[in-house]
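Shown here: coords.cif, mmCIF, C-alpha atoms.
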data_input
#
loop_
_atom_site.label_atom_id
_atom_site.label_comp_id
_atom_site.auth_asym_id
_atom_site.auth_seq_id
_atom_site.Cartn_x
_atom_site.Cartn_y
_atom_site.Cartn_z
CA MET A 1 40.25 28.87 -17.12
CA ARG A 2 39.64 25.23 -17.84
CA LEU A 3 36.52 23.88 -16.17
CA ARG A 4 37.04 21.10 -13.73
CA MET A 5 35.26 18.21 -15.43
CA THR A 6 34.33 16.27 -12.31
CA ALA A 7 31.17 18.30 -11.86
CA ILE A 8 29.77 17.19 -15.17
CA LEU A 9 31.49 13.86 -15.72
CA ILE A 10 28.42 11.75 -15.10
CA GLN A 11 26.13 13.52 -17.52
CA ALA A 12 28.87 14.53 -19.96
CA ALA A 13 29.47 10.86 -20.59
CA LEU A 14 25.96 10.81 -21.96
CA LEU A 15 26.52 13.63 -24.46
CA ALA A 16 28.18 11.46 -27.07
CA LEU A 17 29.05 7.86 -27.78
CA ALA A 18 32.45 7.13 -26.31
CA PRO A 19 34.89 4.53 -27.65
CA THR A 20 35.43 1.44 -25.50
CA GLY A 21 38.53 -0.56 -24.60
CA ALA A 22 41.28 -1.85 -26.84
CA ALA A 23 40.07 -3.60 -29.97
CA GLY A 24 39.94 -7.38 -29.71
CA GLN A 25 40.61 -7.48 -25.96
CA GLU A 26 37.01 -7.41 -24.78
CA LYS A 27 33.59 -8.09 -26.20
CA LYS A 28 32.02 -5.20 -28.05
CA VAL A 29 30.23 -2.88 -25.64
CA LYS A 30 26.54 -2.32 -26.35
CA VAL A 31 26.15 1.39 -27.13
CA GLY A 32 22.39 1.77 -27.39
CA LEU A 33 19.04 0.01 -27.70
CA THR A 34 17.31 -1.26 -30.81
CA GLN A 35 13.63 -1.87 -31.52
CA GLU A 36 14.33 -5.55 -30.92
CA ASP A 37 15.44 -4.64 -27.39
CA TRP A 38 12.15 -2.83 -26.76
CA LYS A 39 9.98 -5.89 -27.29
CA TYR A 40 7.94 -7.38 -24.47
CA THR A 41 4.81 -9.45 -23.93
CA LEU A 42 1.95 -7.93 -21.99
CA ALA A 43 0.93 -10.23 -19.15
CA GLU A 44 -2.58 -11.65 -19.10
CA GLY A 45 -5.05 -9.22 -17.59
CA VAL A 46 -2.77 -6.17 -17.81
CA THR A 47 -4.41 -3.30 -19.71
CA THR A 48 -3.09 -0.04 -21.11
CA ARG A 49 -4.38 3.44 -21.90
CA GLU A 50 -2.69 6.42 -23.56
CA VAL A 51 -3.35 9.88 -22.12
CA ASN A 52 -2.09 13.46 -22.25
CA PHE A 53 -1.01 15.31 -19.14
CA TYR A 54 0.06 18.93 -19.01
CA SER A 55 3.40 20.29 -17.88
CA ASP A 56 3.64 24.08 -17.81
CA GLY A 57 0.75 24.13 -20.30
CA THR A 58 2.33 21.70 -22.77
CA ALA A 59 0.54 18.45 -23.58
CA CYS A 60 2.77 15.49 -22.74
CA TYR A 61 2.36 11.85 -23.67
CA ALA A 62 1.85 9.13 -21.08
CA LYS A 63 0.88 5.48 -21.23
CA PHE A 64 -0.82 3.76 -18.32
CA PHE A 65 -0.37 0.09 -17.50
CA PHE A 66 -3.02 -1.29 -15.15
CA PRO A 67 -2.64 -4.56 -13.24
CA LYS A 68 -5.02 -7.45 -13.64
CA GLY A 69 -8.17 -6.90 -11.60
CA PHE A 70 -7.58 -3.15 -11.25
CA SER A 71 -10.66 -1.32 -9.97
CA THR A 72 -11.40 2.38 -10.09
CA GLN A 73 -13.06 1.88 -6.72
CA GLY A 74 -9.86 0.65 -5.10
CA LYS A 75 -6.62 2.27 -3.95
CA THR A 76 -3.69 0.84 -5.88
CA PRO A 77 -0.21 2.35 -5.55
CA GLY A 78 1.34 3.84 -8.68
CA VAL A 79 4.73 4.54 -10.22
CA VAL A 80 5.84 7.21 -12.71
CA LEU A 81 8.57 6.00 -15.10
CA ALA A 82 10.97 8.35 -16.91
CA HIS A 83 13.41 7.55 -19.72
CA GLY A 84 17.04 8.53 -20.07
CA TRP A 85 19.22 10.72 -22.24
CA ALA A 86 17.72 11.61 -25.64
CA ALA A 87 15.41 8.57 -25.45
CA VAL A 88 11.65 8.02 -25.75
CA HIS A 89 9.10 5.93 -23.90
CA PHE A 90 9.37 2.88 -26.16
CA SER A 91 12.75 2.04 -24.69
CA ILE A 92 11.34 1.42 -21.20
CA GLU A 93 7.74 0.28 -21.82
CA LYS A 94 8.77 -3.22 -20.80
CA TYR A 95 9.46 -1.96 -17.27
CA ALA A 96 6.01 -0.39 -16.98
CA ALA A 97 4.50 -3.65 -18.22
CA ARG A 98 6.44 -5.61 -15.61
CA PHE A 99 5.39 -3.29 -12.78
CA ALA A 100 1.74 -3.70 -13.76
CA GLU A 101 2.23 -7.46 -13.91
CA ARG A 102 3.44 -7.21 -10.31
CA GLY A 103 0.33 -5.35 -9.16
CA LEU A 104 1.27 -1.67 -9.57
CA VAL A 105 -0.24 1.05 -11.73
CA ALA A 106 2.55 2.29 -14.01
CA MET A 107 2.52 5.66 -15.78
CA LEU A 108 5.20 5.91 -18.44
CA ILE A 109 5.95 9.40 -19.79
CA ASP A 110 7.72 11.30 -22.53
CA TYR A 111 9.26 14.63 -21.58
CA ARG A 112 8.20 17.79 -23.36
CA GLY A 113 9.59 17.83 -26.88
CA TRP A 114 10.28 14.09 -27.01
CA GLY A 115 8.40 11.06 -28.30
CA GLY A 116 4.66 11.51 -28.19
CA SER A 117 4.71 14.82 -26.29
CA ASP A 118 4.20 18.26 -27.79
CA GLY A 119 7.19 20.53 -28.27
CA PHE A 120 8.10 23.87 -26.71
CA VAL A 121 6.01 26.60 -28.31
CA SER A 122 6.96 30.24 -28.81
CA THR A 123 5.68 33.00 -31.08
CA SER A 124 7.70 33.70 -34.21
CA GLN A 125 7.39 37.46 -33.57
CA PRO A 126 6.84 39.42 -30.34
CA PHE A 127 3.17 39.43 -29.38
CA LYS A 128 2.28 41.90 -26.68
CA THR A 129 -0.86 42.53 -24.67
CA GLY A 130 -1.43 44.54 -21.51
CA ASP A 131 -1.12 43.02 -18.07
CA GLU A 132 -4.79 43.66 -17.48
CA THR A 133 -5.58 40.81 -19.90
CA ARG A 134 -4.37 37.47 -18.56
CA PHE A 135 -5.49 35.22 -21.40
CA THR A 136 -5.64 36.07 -25.10
CA ARG A 137 -6.91 33.73 -27.81
CA THR A 138 -5.65 34.64 -31.25
CA LYS A 139 -4.10 33.28 -34.41
CA THR A 140 -0.41 33.84 -34.96
CA ASP A 141 2.67 32.09 -36.32
CA VAL A 142 4.43 29.95 -33.75
CA VAL A 143 7.70 28.08 -33.50
CA ILE A 144 7.61 24.54 -32.09
CA LYS A 145 10.92 23.19 -30.84
CA ARG A 146 11.46 19.49 -30.25
CA THR A 147 14.30 17.55 -28.59
CA ARG A 148 15.06 20.32 -26.13
CA LEU A 149 16.98 18.77 -23.26
CA ILE A 150 17.02 20.79 -20.03
CA PRO A 151 17.25 18.61 -16.88
CA MET A 152 15.20 20.76 -14.51
CA LYS A 153 12.38 20.94 -17.05
CA GLN A 154 12.38 17.14 -17.16
CA VAL A 155 12.04 17.16 -13.38
CA GLU A 156 9.09 19.51 -13.78
CA ASP A 157 7.52 17.05 -16.24
CA ILE A 158 7.89 14.17 -13.77
CA ARG A 159 6.23 16.25 -11.06
CA SER A 160 3.37 17.14 -13.41
CA ALA A 161 2.94 13.43 -14.14
CA ILE A 162 2.73 12.75 -10.41
CA SER A 163 -0.07 15.30 -10.19
CA TYR A 164 -1.94 13.61 -13.03
CA LEU A 165 -1.41 10.20 -11.47
CA GLN A 166 -2.82 11.40 -8.15
CA GLY A 167 -6.09 12.24 -9.90
CA GLU A 168 -6.47 8.81 -11.53
CA PRO A 169 -9.56 6.94 -10.21
CA GLY A 170 -8.53 3.82 -8.32
CA LEU A 171 -5.03 5.13 -7.61
CA ASP A 172 -3.91 5.74 -4.04
CA PRO A 173 -2.57 9.34 -4.14
CA ASP A 174 -0.55 8.72 -0.98
CA ARG A 175 1.40 5.76 -2.37
CA ILE A 176 3.39 6.96 -5.36
CA GLY A 177 6.85 5.91 -6.45
CA ILE A 178 9.17 7.13 -9.21
CA TRP A 179 11.54 5.14 -11.42
CA GLY A 180 14.18 6.58 -13.73
CA SER A 181 16.95 5.00 -15.76
CA SER A 182 20.36 6.39 -16.75
CA PHE A 183 20.14 10.20 -16.91
CA ALA A 184 16.65 9.93 -15.40
CA GLY A 185 18.26 8.23 -12.41
CA GLY A 186 19.42 11.73 -11.55
CA ASN A 187 16.02 13.18 -12.38
CA VAL A 188 14.23 10.96 -9.87
CA VAL A 189 16.74 11.87 -7.15
CA VAL A 190 16.06 15.58 -7.71
CA THR A 191 12.30 15.00 -7.99
CA ALA A 192 12.19 13.11 -4.70
CA ALA A 193 14.25 15.80 -2.98
CA LEU A 194 11.81 18.49 -4.14
CA ASP A 195 8.49 16.64 -3.95
CA SER A 196 7.21 15.15 -0.71
CA ARG A 197 4.54 13.17 -2.57
CA VAL A 198 7.20 10.68 -3.67
CA LYS A 199 7.16 7.75 -1.27
CA ALA A 200 9.69 5.41 -2.92
CA VAL A 201 12.49 5.85 -5.46
CA VAL A 202 14.32 3.55 -7.87
CA GLY A 203 17.25 4.76 -9.97
CA GLN A 204 18.56 2.29 -12.56
CA VAL A 205 22.13 2.69 -13.89
CA PRO A 206 21.80 6.14 -12.30
CA ALA A 207 23.87 9.11 -13.47
CA ILE A 208 23.73 11.48 -10.50
CA SER A 209 26.81 13.71 -11.09
CA GLY A 210 28.97 12.03 -8.46
CA LYS A 211 30.26 12.85 -5.00
CA ASN A 212 33.10 14.93 -6.45
CA ALA A 213 30.83 17.37 -8.28
CA GLN A 214 32.44 20.79 -8.22
CA PRO A 215 30.83 23.17 -5.69
CA GLY A 216 29.68 26.66 -6.59
CA PRO A 217 28.40 28.07 -9.86
CA VAL A 218 29.71 26.75 -13.16
CA PRO A 219 31.57 29.50 -15.06
CA LEU A 220 29.80 30.55 -18.23
CA ILE A 221 32.70 31.23 -20.59
CA GLY A 222 33.93 30.66 -24.12
CA LYS A 223 31.50 29.07 -26.56
CA GLY A 224 28.93 28.64 -23.82
CA LEU A 225 28.89 32.37 -23.10
CA GLU A 226 28.78 33.23 -26.79
CA ASP A 227 25.80 30.92 -27.20
CA ALA A 228 23.99 32.38 -24.18
CA ILE A 229 24.37 35.85 -25.66
CA LYS A 230 23.14 34.62 -29.04
CA ARG A 231 20.06 32.98 -27.49
CA ALA A 232 19.20 36.13 -25.55
CA ARG A 233 19.52 38.33 -28.63
CA THR A 234 17.99 36.08 -31.30
CA GLY A 235 15.91 33.48 -29.46
CA GLN A 236 17.95 30.53 -30.74
CA GLY A 237 21.49 29.34 -30.15
CA ASP A 238 23.65 26.67 -31.73
CA GLU A 239 22.98 22.94 -31.84
CA TYR A 240 24.87 19.67 -31.68
CA GLU A 241 24.04 16.01 -32.23
CA THR A 242 23.81 13.54 -29.36
CA GLY A 243 22.09 10.34 -28.30
CA PHE A 244 22.72 6.64 -28.06
CA SER A 245 19.92 4.53 -29.53
CA THR A 246 18.93 7.39 -31.87
CA ARG A 247 20.92 10.50 -32.71
CA ARG A 248 19.11 13.82 -32.30
CA MET A 249 19.95 17.51 -32.46
CA VAL A 250 19.78 19.39 -29.16
CA ASP A 251 20.64 22.96 -28.20
CA LEU A 252 24.12 23.91 -27.11
CA GLU A 253 22.49 25.33 -23.97
CA THR A 254 22.08 21.71 -22.87
CA GLN A 255 25.77 21.46 -22.08
CA HIS A 256 25.75 24.27 -19.54
CA ALA A 257 22.39 23.19 -18.12
CA VAL A 258 23.83 19.73 -17.53
CA ALA A 259 27.01 21.18 -16.00
CA GLU A 260 24.86 23.05 -13.48
CA TYR A 261 22.71 20.00 -12.80
CA ARG A 262 24.15 18.07 -9.87
CA PRO A 263 21.66 15.50 -8.57
CA PHE A 264 24.16 14.22 -6.00
CA ARG A 265 23.70 17.46 -4.08
CA TYR A 266 20.02 16.61 -3.62
CA VAL A 267 20.53 13.16 -2.14
CA LYS A 268 20.44 14.31 1.48
CA GLU A 269 17.12 16.08 0.87
CA ILE A 270 15.36 12.75 0.23
CA GLY A 271 15.48 12.17 3.96
CA THR A 272 14.12 8.88 5.29
CA ARG A 273 12.25 7.80 2.15
CA PRO A 274 13.34 4.48 0.63
CA VAL A 275 15.78 4.53 -2.30
CA LEU A 276 17.00 1.64 -4.46
CA PHE A 277 19.85 1.97 -6.95
CA ILE A 278 20.37 -0.75 -9.55
CA VAL A 279 23.83 -0.63 -11.10
CA ALA A 280 25.68 -2.42 -13.88
CA GLU A 281 28.84 -4.02 -12.49
CA LYS A 282 30.79 -3.12 -15.65
CA GLU A 283 29.33 0.38 -15.99
CA GLU A 284 31.38 2.24 -18.58
CA LEU A 285 29.79 5.71 -18.57
CA PHE A 286 30.59 6.71 -14.99
CA ASN A 287 31.97 5.39 -11.70
CA ASN A 288 29.40 3.52 -9.59
CA ARG A 289 31.44 4.10 -6.45
CA ASP A 290 31.22 7.87 -6.87
CA ASN A 291 27.52 7.72 -7.68
CA ALA A 292 25.14 5.07 -6.34
CA TYR A 293 27.42 3.68 -3.65
CA ALA A 294 28.45 7.13 -2.45
CA ALA A 295 24.82 8.27 -2.44
CA VAL A 296 23.57 5.45 -0.20
CA GLU A 297 26.09 6.53 2.42
CA LEU A 298 24.18 9.81 2.71
CA LEU A 299 20.67 8.35 2.76
CA THR A 300 19.01 7.90 6.14
CA GLY A 301 16.01 5.76 5.19
CA PRO A 302 15.75 2.26 3.72
CA LYS A 303 18.42 1.96 1.06
CA LYS A 304 19.82 -0.69 -1.18
CA VAL A 305 22.20 -1.15 -4.09
CA VAL A 306 21.60 -4.05 -6.46
CA SER A 307 24.64 -4.76 -8.62
CA VAL A 308 23.94 -6.84 -11.71
CA PRO A 309 27.18 -8.72 -12.47
CA GLY A 310 29.05 -8.84 -15.73
CA ILE A 311 27.04 -6.25 -17.68
CA THR A 312 27.60 -2.77 -19.09
CA HIS A 313 25.17 0.17 -19.14
CA PHE A 314 22.88 -0.77 -22.02
CA GLU A 315 22.91 -4.47 -21.28
CA MET A 316 20.79 -3.68 -18.22
CA TYR A 317 17.70 -3.36 -20.41
CA ILE A 318 17.82 -6.80 -22.02
CA GLY A 319 17.89 -10.52 -21.26
CA GLU A 320 18.54 -11.76 -17.75
CA ALA A 321 19.67 -8.31 -16.60
CA PHE A 322 16.23 -6.94 -17.46
CA GLU A 323 14.60 -9.71 -15.43
CA ILE A 324 16.81 -8.96 -12.45
CA SER A 325 16.45 -5.16 -12.64
CA SER A 326 12.71 -5.04 -13.33
CA ASN A 327 11.83 -7.50 -10.59
CA ALA A 328 14.17 -5.86 -8.08
CA ALA A 329 12.44 -2.52 -8.75
CA ALA A 330 8.98 -4.09 -8.57
CA ASP A 331 9.87 -5.76 -5.27
CA TRP A 332 11.10 -2.45 -3.89
CA PHE A 333 7.92 -0.63 -4.83
CA ARG A 334 5.71 -3.45 -3.58
CA GLU A 335 7.48 -3.42 -0.24
CA HIS A 336 7.64 0.33 0.31
CA LEU A 337 4.29 1.24 -1.25
CA GLY A 338 2.50 -1.34 0.84
CA LEU A 339 1.86 -4.32 -1.44
CA SER A 340 4.01 -6.87 0.36
CA GLY A 341 5.80 -7.51 3.62
CA LYS A 342 9.26 -6.19 4.34
CA SER A 343 12.37 -8.07 3.28
CA PRO A 344 15.63 -8.24 5.29
CA GLU A 345 17.48 -4.92 5.35
CA THR A 346 20.59 -4.76 3.18
CA THR A 347 22.70 -2.13 1.49
CA SER A 348 24.12 -4.21 -1.35
CA THR A 349 22.97 -7.25 -3.28
CA LYS A 350 24.85 -9.43 -5.75
CA PHE A 351 23.08 -11.83 -8.08
#
Now, as a test, write the supplied structure out as structure tokens.
Amino acid sequence: MRLRMTAILIQAALLALAPTGAAGQEKKVKVGLTQEDWKYTLAEGVTTREVNFYSDGTACYAKFFFPKGFSTQGKTPGVVLAHGWAAVHFSIEKYAARFAERGLVAMLIDYRGWGGSDGFVSTSQPFKTGDETRFTRTKTDVVIKRTRLIPMKQVEDIRSAISYLQGEPGLDPDRIGIWGSSFAGGNVVVTAALDSRVKAVVGQVPAISGKNAQPGPVPLIGKGLEDAIKRARTGQGDEYETGFSTRRMVDLETQHAVAEYRPFRYVKEIGTRPVLFIVAEKEELFNNRDNAYAAVELLTGPKKVVSVPGITHFEMYIGEAFEISSNAAADWFREHLGLSGKSPETTSTKF
């Protein structure tokens, strides 16, 4: 039976580079970010520090951006930032820098197996000890896997980062926000739904599976089933190449994990906490109406959609669109994490 694709349309669009409209009729659509797009200037007084935090025992990379005048004796609100599909922290450092410039502590992370974080570790051969011994220190051959892409594990990494951030001297543990772009726009929705410590949410060009996501379990059939059996019997399944700015190999298990991952279902669980979605008017990877705009109809707290006109997905990160999106997010966090007064309530903004 052919799977109904609606359930996975949002994330499936991120699995491979898709062709754009008819040749010569429109400008060429930007299909990824380059190192030139990553560049930014650190504002005067903003400082940084690289750290490791642990997620399920794996050391993960994070970079802190501290605002000018930050004091470890104070109580400054903080934001965890997470990158999108098959990306690394470099692609969104400029947002962390902007948030710090606007008075927030920003903690930018790499998921397990990506960027500066350690990979997933397993033993090359079975290694057994009795249950009476909880911890064993020994030397053995291990396998380290990188670029594993499992959405719920990324959510776990964001939650671990929140825990680390709460322990940072000078950080107010009761005023924490989360920001995620593209695929991570879904990750922050799920994180907020599961974690009450999140007090404000921003999803940029958010892929959240859509209001028409298929209910019920996703059938595990065909190549997906064959691969699941192979993984269970051998420890490793098949791979495929994906990514936008950089192409990487990921496990075939990613496809089924993404099919089962439906952030839209979690929207209602956010409750009354404030959520901002920033969308590209010419979004080509998914339908904004079925995602951000449909989601705000379900939210019961402060909510807002900022639509940046005339741009496609990856144009959000550069030029004037970056200025609009970064400052809109910073304003949202400042307002709802207690750094500025409230602005007039609205559910949609055009620039």
**OP:** Expand the PyMOL selection byres ((chain A and resi 293) around 12) into the individual residues it matches in the shown file, reporting them as a PyMOL selection string.
**Re:** chain A and resi 205-208+210-211+264+267+275-279+281+287-292+294-299+303-307+347-349
Original post:
Hey, can you check how far CA of Ala96 (chain A) sits from CA of Gly310 (chain A)?
Top reply: 24.6 Å
Subject >> Distance of CA of Phe64 (chain A) from CA of Lys30 (chain A), expressed in Å to one decimal place >> reply: 29.2 Å
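Distances here use all atoms listed in the file; by that measure, the residue among A:Ala43, A:Ile318, A:Leu104, A:Ile144 closest to Arg334 (chain A) is A:Leu104.
Residue selection for this entry, given the PyMOL selection byres ((chain A and resi 91) around 8), comprises Leu33, Gln35, Asp37, Trp38, His83, Ala87, Val88, His89, Phe90, Ile92, Glu93 and Lys94 of chain A.
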Original post:
Just so the selection is clear, what residues does the PyMOL selection byres ((chain A and resi 261) around 10) cover here, as a PyMOL selection string?
Top reply: chain A and resi 7-8+11+150-152+186-187+190+208-209+213+218+255-260+262-265
What's the 9 Å shell around Ala100 (chain A), counting only C-alpha atoms, without same-chain residues fewer than 5 positions away, as an mmCIF file with C-alpha atoms, keeping the file's coordinate frame?
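Result file follows (out_2.cif):
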data_model
loop_
_atom_site.group_PDB
_atom_site.id
_atom_site.type_symbol
_atom_site.label_atom_id
_atom_site.label_comp_id
_atom_site.auth_asym_id
_atom_site.auth_seq_id
_atom_site.Cartn_x
_atom_site.Cartn_y
_atom_site.Cartn_z
ATOM 1 C CA ALA A 43 0.930 -10.230 -19.150
ATOM 2 C CA VAL A 46 -2.770 -6.170 -17.810
ATOM 3 C CA THR A 47 -4.410 -3.300 -19.710
ATOM 4 C CA PHE A 65 -0.370 0.090 -17.500
ATOM 5 C CA PHE A 66 -3.020 -1.290 -15.150
ATOM 6 C CA PRO A 67 -2.640 -4.560 -13.240
ATOM 7 C CA LYS A 68 -5.020 -7.450 -13.640
ATOM 8 C CA TYR A 95 9.460 -1.960 -17.270
ATOM 9 C CA VAL A 105 -0.240 1.050 -11.730
ATOM 10 C CA ALA A 106 2.550 2.290 -14.010
ATOM 11 C CA ALA A 330 8.980 -4.090 -8.570
#
Original post:
So how many Å separate CA of Ser124 (chain A) and CA of Arg233 (chain A), to one decimal?
Top reply: 13.9 Å
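Shortest separation to Gly180 (chain A) among A:Val155, A:Leu165, A:Ile229, A:Leu285 occurs at residue A:Val155, atoms counted being all atoms listed in the file.
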Original post:
Contacts of Gly57 (chain A) at 12 Å or less, counting all atoms listed in the file, minus same-chain residues fewer than 6 places along, as a list in words?
Top reply: Arg112, Ser117, Asp118, Gly119, Phe120, Val121, Glu156, Asp157 and Ser160 of chain A
Original post:
Got a sec to check which residues sit within 12 Å of (29.3, -6.1, -22.3), counting only C-alpha atoms, and write them as a PyMOL selection string?
Top reply: chain A and resi 20-21+25-32+280-284+308-316+318+321
Original post:
What's the 9 Å shell around Gly116 (chain A), counting all atoms listed in the file, without same-chain residues fewer than 5 positions away, as JSON, numbers by chain?
Top reply: {"A": [60, 61, 62, 88, 89, 109, 110, 111]}
